[in-house]
$ cat protein36.cif   # mmCIF, C-alpha atoms
data_work
loop_
_atom_site.label_atom_id
_atom_site.label_comp_id
_atom_site.auth_asym_id
_atom_site.auth_seq_id
_atom_site.Cartn_x
_atom_site.Cartn_y
_atom_site.Cartn_z
CA MET V 1 -120.28 35.47 2.92
CA ALA V 2 -119.79 37.78 5.89
CA THR V 3 -121.86 40.96 5.98
CA ILE V 4 -119.99 44.22 5.58
CA LYS V 5 -121.21 46.68 8.19
CA ASN V 6 -118.89 49.61 7.68
CA LEU V 7 -115.80 50.79 5.87
CA ASP V 8 -113.45 49.13 8.39
CA ASP V 9 -114.94 45.72 7.64
CA LEU V 10 -114.39 46.32 3.93
CA LYS V 11 -110.76 47.27 4.54
CA ASN V 12 -110.20 44.16 6.65
CA LEU V 13 -111.82 42.01 3.97
CA ASN V 14 -109.55 43.48 1.31
CA LYS V 15 -106.51 42.80 3.48
CA MET V 16 -107.56 39.19 4.02
CA GLU V 17 -108.07 38.69 0.29
CA ALA V 18 -104.67 40.24 -0.47
CA LEU V 19 -102.95 37.98 2.08
CA GLN V 20 -104.74 34.94 0.67
CA THR V 21 -103.68 35.84 -2.87
CA MET V 22 -100.09 36.36 -1.72
CA SER V 23 -100.01 33.01 0.09
CA GLU V 24 -101.39 31.23 -2.98
CA GLY V 25 -98.72 32.88 -5.13
CA MET V 26 -95.98 31.70 -2.76
CA ASP V 27 -97.38 28.16 -2.64
CA ALA V 28 -95.29 26.12 -5.06
CA LYS V 29 -97.96 23.43 -5.44
CA LYS V 30 -100.63 25.88 -6.60
CA ASN V 31 -98.27 28.02 -8.68
CA LYS V 32 -95.82 25.54 -10.17
CA LYS V 33 -94.60 27.29 -13.31
CA PRO V 34 -92.64 30.25 -11.84
CA HIS V 35 -91.15 28.12 -9.06
CA VAL V 36 -90.03 25.38 -11.46
CA CYS V 37 -88.58 27.95 -13.89
CA SER V 38 -86.60 29.58 -11.07
CA ASN V 39 -85.28 26.20 -9.94
CA LEU V 40 -84.33 25.27 -13.51
CA VAL V 41 -82.35 28.50 -13.92
CA GLN V 42 -80.46 27.74 -10.71
CA CYS V 43 -79.89 24.17 -11.89
CA VAL V 44 -78.28 25.49 -15.08
CA ALA V 45 -76.09 27.84 -13.02
CA GLY V 46 -75.08 24.93 -10.78
CA ILE V 47 -74.22 22.75 -13.79
CA VAL V 48 -72.06 25.52 -15.28
CA MET V 49 -70.25 26.05 -11.97
CA LEU V 50 -69.69 22.32 -11.52
CA SER V 51 -68.47 21.87 -15.10
CA ILE V 52 -65.96 24.73 -15.03
CA GLY V 53 -64.68 23.72 -11.60
CA SER V 54 -64.24 20.09 -12.67
CA VAL V 55 -62.46 20.90 -15.95
CA TYR V 56 -59.97 23.30 -14.35
CA TYR V 57 -59.84 21.64 -10.92
CA THR V 58 -56.06 21.04 -10.92
CA ASP V 59 -55.25 24.23 -12.81
CA CYS V 60 -55.41 26.60 -9.84
CA ASP V 61 -53.15 27.17 -6.83
CA PHE V 62 -55.98 28.24 -4.50
CA ASP V 63 -59.58 27.25 -3.82
CA VAL V 64 -61.50 28.87 -6.68
CA THR V 65 -62.13 25.61 -8.53
CA THR V 66 -62.93 23.81 -5.26
CA TYR V 67 -65.52 26.47 -4.50
CA LEU V 68 -67.07 26.04 -7.96
CA VAL V 69 -67.35 22.28 -7.55
CA VAL V 70 -68.80 22.40 -4.02
CA GLY V 71 -71.11 25.35 -4.62
CA GLY V 72 -72.33 24.05 -7.97
CA SER V 73 -73.03 20.60 -6.56
CA ILE V 74 -75.07 21.90 -3.63
CA MET V 75 -77.01 24.30 -5.86
CA LEU V 76 -77.80 21.55 -8.37
CA VAL V 77 -78.88 18.96 -5.79
CA SER V 78 -81.01 21.37 -3.74
CA ASN V 79 -82.90 22.71 -6.75
CA LEU V 80 -83.46 19.23 -8.19
CA LEU V 81 -84.95 18.23 -4.83
CA SER V 82 -87.23 21.27 -4.95
CA ILE V 83 -88.38 20.43 -8.49
CA VAL V 84 -89.17 16.84 -7.47
CA ALA V 85 -91.10 18.08 -4.42
CA ILE V 86 -93.15 20.50 -6.54
CA MET V 87 -93.97 18.12 -9.38
CA THR V 88 -94.94 15.08 -7.29
CA THR V 89 -98.15 14.67 -5.29
CA CYS V 90 -96.46 12.87 -2.39
CA GLU V 91 -96.26 14.88 0.84
CA CYS V 92 -93.15 13.16 2.20
CA ASP V 93 -90.78 14.93 -0.15
CA ASP V 94 -92.57 18.24 0.56
CA LYS V 95 -91.88 17.87 4.27
CA LEU V 96 -88.28 16.90 3.57
CA ALA V 97 -87.79 19.89 1.26
CA LYS V 98 -89.31 22.30 3.81
CA ALA V 99 -87.13 20.87 6.58
CA LEU V 100 -83.94 21.11 4.52
CA THR V 101 -84.64 24.57 3.03
CA PRO V 102 -83.26 26.65 5.96
CA VAL V 103 -80.26 24.33 6.36
CA ILE V 104 -79.46 24.45 2.65
CA GLY V 105 -79.90 28.23 2.63
CA LEU V 106 -77.44 28.63 5.51
CA VAL V 107 -74.93 26.28 3.84
CA GLN V 108 -75.21 28.15 0.52
CA PHE V 109 -74.70 31.48 2.28
CA CYS V 110 -71.57 30.18 4.04
CA ILE V 111 -70.20 28.77 0.76
CA PHE V 112 -70.92 32.05 -1.05
CA LEU V 113 -69.11 33.95 1.71
CA TRP V 114 -66.17 31.56 1.41
CA GLY V 115 -66.04 32.05 -2.37
CA THR V 116 -66.17 35.84 -1.95
CA ILE V 117 -63.22 35.75 0.45
CA VAL V 118 -61.24 33.48 -1.88
CA VAL V 119 -61.87 35.50 -5.05
CA PHE V 120 -61.43 39.01 -3.69
CA GLY V 121 -58.71 37.96 -1.26
CA TYR V 122 -56.45 36.61 -4.02
CA TYR V 123 -57.39 39.17 -6.65
CA SER V 124 -54.37 41.41 -6.05
CA THR V 125 -51.88 38.50 -6.17
CA TRP V 126 -53.62 36.41 -8.84
CA SER V 127 -51.98 35.66 -12.18
CA TYR V 128 -53.08 33.45 -15.08
CA ASP V 129 -49.48 33.30 -16.37
CA LYS V 130 -47.59 30.28 -15.06
CA ASP V 131 -44.22 31.93 -15.73
CA ALA V 132 -45.19 34.89 -13.51
CA ALA V 133 -46.32 32.51 -10.80
CA SER V 134 -43.07 30.50 -10.83
CA ASN V 135 -41.40 32.81 -8.26
CA LEU V 136 -41.70 30.04 -5.65
CA LEU V 137 -39.06 28.09 -7.54
CA GLU V 138 -36.92 31.21 -7.81
CA GLY V 139 -36.89 31.74 -4.04
CA GLU V 140 -39.23 34.71 -3.74
CA GLY V 141 -41.02 33.09 -0.80
CA ARG V 142 -44.64 32.56 -1.81
CA GLU V 143 -45.24 30.08 0.99
CA ASP V 144 -44.16 32.48 3.73
CA GLY V 145 -46.49 35.21 2.40
CA GLY V 146 -43.89 37.42 0.76
CA ALA V 147 -44.94 40.74 -0.72
CA ASP V 148 -43.95 39.62 -4.22
CA ALA V 149 -45.93 36.37 -4.02
CA THR V 150 -47.96 35.49 -7.11
CA TYR V 151 -50.64 32.80 -7.17
CA TYR V 152 -51.56 31.09 -10.39
CA CYS V 153 -55.08 30.22 -11.47
CA ASN V 154 -56.48 29.69 -14.94
CA TYR V 155 -58.24 32.71 -16.39
CA THR V 156 -61.60 31.03 -17.08
CA PRO V 157 -62.55 29.75 -13.60
CA PHE V 158 -61.24 32.81 -11.78
CA MET V 159 -62.96 35.39 -13.99
CA PHE V 160 -66.17 33.36 -14.08
CA THR V 161 -66.26 33.28 -10.29
CA TYR V 162 -65.30 36.96 -10.04
CA VAL V 163 -68.04 38.14 -12.44
CA LEU V 164 -70.60 35.82 -10.82
CA HIS V 165 -69.93 37.25 -7.37
CA CYS V 166 -70.03 40.81 -8.64
CA ILE V 167 -73.47 40.20 -10.22
CA VAL V 168 -74.83 38.52 -7.08
CA LEU V 169 -73.53 41.30 -4.82
CA ILE V 170 -75.11 43.97 -7.05
CA ILE V 171 -78.45 42.12 -6.98
CA LEU V 172 -78.27 41.80 -3.18
CA CYS V 173 -77.55 45.52 -2.82
CA VAL V 174 -80.51 46.43 -5.06
CA LEU V 175 -82.83 44.10 -3.13
CA LEU V 176 -81.60 45.56 0.17
CA MET V 177 -82.26 49.10 -1.04
CA ILE V 178 -85.77 48.14 -2.22
CA THR V 179 -86.51 46.45 1.11
CA VAL V 180 -85.34 49.45 3.11
CA LYS V 181 -87.40 51.78 0.90
CA LEU V 182 -90.53 49.67 1.36
CA MET V 183 -90.00 49.55 5.14
CA ILE V 184 -89.58 53.33 5.33
CA THR V 185 -92.68 53.86 3.15
CA ALA V 186 -94.71 51.48 5.34
CA CYS V 187 -93.58 53.25 8.52
CA LEU V 188 -94.43 56.69 7.11
CA THR V 189 -97.83 55.45 5.92
CA ALA V 190 -98.60 53.99 9.34
CA CYS V 191 -97.54 57.22 11.07
CA CYS V 192 -99.71 59.32 8.75
CA ALA V 193 -102.68 57.01 9.31
CA CYS V 194 -102.25 57.26 13.09
CA CYS V 195 -102.02 61.06 12.92
CA VAL V 196 -105.16 61.31 10.77
CA LYS V 197 -107.06 58.93 13.04
CA GLY V 198 -105.95 60.82 16.13
CA ALA V 199 -106.99 64.16 14.65
CA GLY V 200 -110.38 62.77 13.64
CA GLY V 201 -111.22 61.26 17.03
CA ASP V 202 -112.87 57.90 17.52
CA GLY V 203 -115.20 58.31 14.58
CA GLY V 204 -112.39 59.03 12.21
CA ALA V 205 -113.95 62.25 10.92
CA VAL V 206 -112.59 65.73 11.49
CA GLU V 207 -115.17 68.37 12.29
CA PRO V 208 -114.87 71.43 10.09
CA VAL V 209 -113.81 74.64 11.76
CA LYS V 210 -116.23 77.51 11.26
CA SER V 211 -114.72 80.71 10.08
CA GLU V 212 -115.51 84.15 11.53
CA THR V 213 -117.50 85.14 8.43
CA SER V 214 -119.81 82.16 8.86
CA LEU V 215 -120.46 83.09 12.51
CA GLU V 216 -121.57 86.67 11.77
CA PRO V 217 -125.11 85.78 10.49
CA GLU V 218 -125.72 83.62 13.57
CA LYS V 219 -124.74 86.47 15.89
CA GLN V 220 -127.07 88.86 14.03
CA MET V 221 -129.98 86.40 14.35
CA GLU V 222 -129.40 86.07 18.10
CA VAL V 223 -129.45 89.88 18.48
#

$ encode --input "protein36.cif" --output "structure tokens"
Amino acid sequence: MATIKNLDDLKNLNKMEALQTMSEGMDAKKNKKPHVCSNLVQCVAGIVMLSIGSVYYTDCDFDVTTYLVVGGSIMLVSNLLSIVAIMTTCECDDKLAKALTPVIGLVQFCIFLWGTIVVFGYYSTWSYDKDAASNLLEGEGREDGGADATYYCNYTPFMFTYVLHCIVLIILCVLLMITVKLMITACLTACCACCVKGAGGDGGAVEPVKSETSLEPEKQMEV
């Protein structure tokens, strides 16, 4: 064990131990349970998305059900691959999972953005009543983008996708606010530490300032 010479060495040792603990917590092989549970939850969400999109696939005029099928399939496959990589001792699947993680993340982000555009873009013209959406047959011009155009989609897939995206967007906003708060706190802490260190000099200690009352006895002794 390395010898601790001063307080700075102790601080550096504590930082190294904290970083080591954090890395071990993020390592899926050493901390399987939370990672597997998270992947299982996402697998369930992917199965639900895939099921609803498949059941109502032909019951929608726009791409809500297509988004559910594609997004649910990718979510299910990617999380199953992660579970297999965590539970097995082979290193080949670990390397494959690490190589595919950024690609899958980018694909999922693009698909989520596509689903957001589809859901919120058609929200004002969406109808789950087929009679209200039959204006194309009555000559109201849905194909040419008329103002009175109404697009039909079954209530279940559309509202499921709408609520799902609202929840995800709220979670992303909360995480963004927490991240910004932590960054601001870290910056302020670093600035305060630099100011204290600068005021204390190289030794890090600030010499006390003697008051006028404490100087009077010394002047009398000199006289």

$ atom_distance --input "protein36.cif" --atom1 "CA of Val70 (chain V)" --atom2 "CA of Gly53 (chain V)"
8.7 Å

$ closest_residue --input "protein36.cif" --among "V:Cys60, V:Val77, V:Ala190, V:Cys110" --to "Ser127 (chain V)" --atoms "only C-alpha atoms"
V:Cys60

$ atom_distance --input "protein36.cif" --atom1 "CA of Ala97 (chain V)" --atom2 "CA of Ser82 (chain V)"
6.4 Å

$ residues_around --input "protein36.cif" --residues "region 114-116 of chain V" --least-positions-apart "4" --cutoff "10 Å" --atoms "all atoms listed in the file" --output "JSON, numbers by chain"
{"V": [63, 64, 65, 66, 67, 68, 71, 108, 109, 110, 120, 121, 122, 161, 162, 164, 165, 166, 169]}

$ write_last_selection --input "protein36.cif" --atoms "C-alpha atoms" --output "PDB file, in the coordinates of the input"
ATOM      1  CA  ASP V  63     -59.580  27.250  -3.820  1.00  0.00           C
ATOM      2  CA  VAL V  64     -61.500  28.870  -6.680  1.00  0.00           C
ATOM      3  CA  THR V  65     -62.130  25.610  -8.530  1.00  0.00           C
ATOM      4  CA  THR V  66     -62.930  23.810  -5.260  1.00  0.00           C
ATOM      5  CA  TYR V  67     -65.520  26.470  -4.500  1.00  0.00           C
ATOM      6  CA  LEU V  68     -67.070  26.040  -7.960  1.00  0.00           C
ATOM      7  CA  GLY V  71     -71.110  25.350  -4.620  1.00  0.00           C
ATOM      8  CA  GLN V 108     -75.210  28.150   0.520  1.00  0.00           C
ATOM      9  CA  PHE V 109     -74.700  31.480   2.280  1.00  0.00           C
ATOM     10  CA  CYS V 110     -71.570  30.180   4.040  1.00  0.00           C
ATOM     11  CA  PHE V 120     -61.430  39.010  -3.690  1.00  0.00           C
ATOM     12  CA  GLY V 121     -58.710  37.960  -1.260  1.00  0.00           C
ATOM     13  CA  TYR V 122     -56.450  36.610  -4.020  1.00  0.00           C
ATOM     14  CA  THR V 161     -66.260  33.280 -10.290  1.00  0.00           C
ATOM     15  CA  TYR V 162     -65.300  36.960 -10.040  1.00  0.00           C
ATOM     16  CA  LEU V 164     -70.600  35.820 -10.820  1.00  0.00           C
ATOM     17  CA  HIS V 165     -69.930  37.250  -7.370  1.00  0.00           C
ATOM     18  CA  CYS V 166     -70.030  40.810  -8.640  1.00  0.00           C
ATOM     19  CA  LEU V 169     -73.530  41.300  -4.820  1.00  0.00           C
TER      20      LEU V 169
END

$ residues_around --input "protein36.cif" --residues "Asn39 (chain V)" --least-positions-apart "5" --cutoff "8 Å" --atoms "only C-alpha atoms" --output "JSON, numbers by chain"
{"V": [79, 80, 82, 83]}

$ resolve_selection --input "protein36.cif" --expression "the PyMOL selection byres ((chain V and resi 59) around 12)" --output "PyMOL selection string"
chain V and resi 52-58+60-66+127-130+151-158

$ atom_distance --input "protein36.cif" --atom1 "CA of Pro102 (chain V)" --atom2 "CA of Val44 (chain V)"
21.7 Å

$ residues_around --input "protein36.cif" --residues "Gly72 (chain V)" --least-positions-apart "6" --cutoff "8 Å" --atoms "all atoms listed in the file" --output "ChimeraX atom specification"
/V:45-50

$ closest_residue --input "protein36.cif" --among "V:Ile74, V:Cys187, V:Leu81, V:Met177" --to "Leu96 (chain V)" --atoms "all atoms listed in the file"
V:Leu81
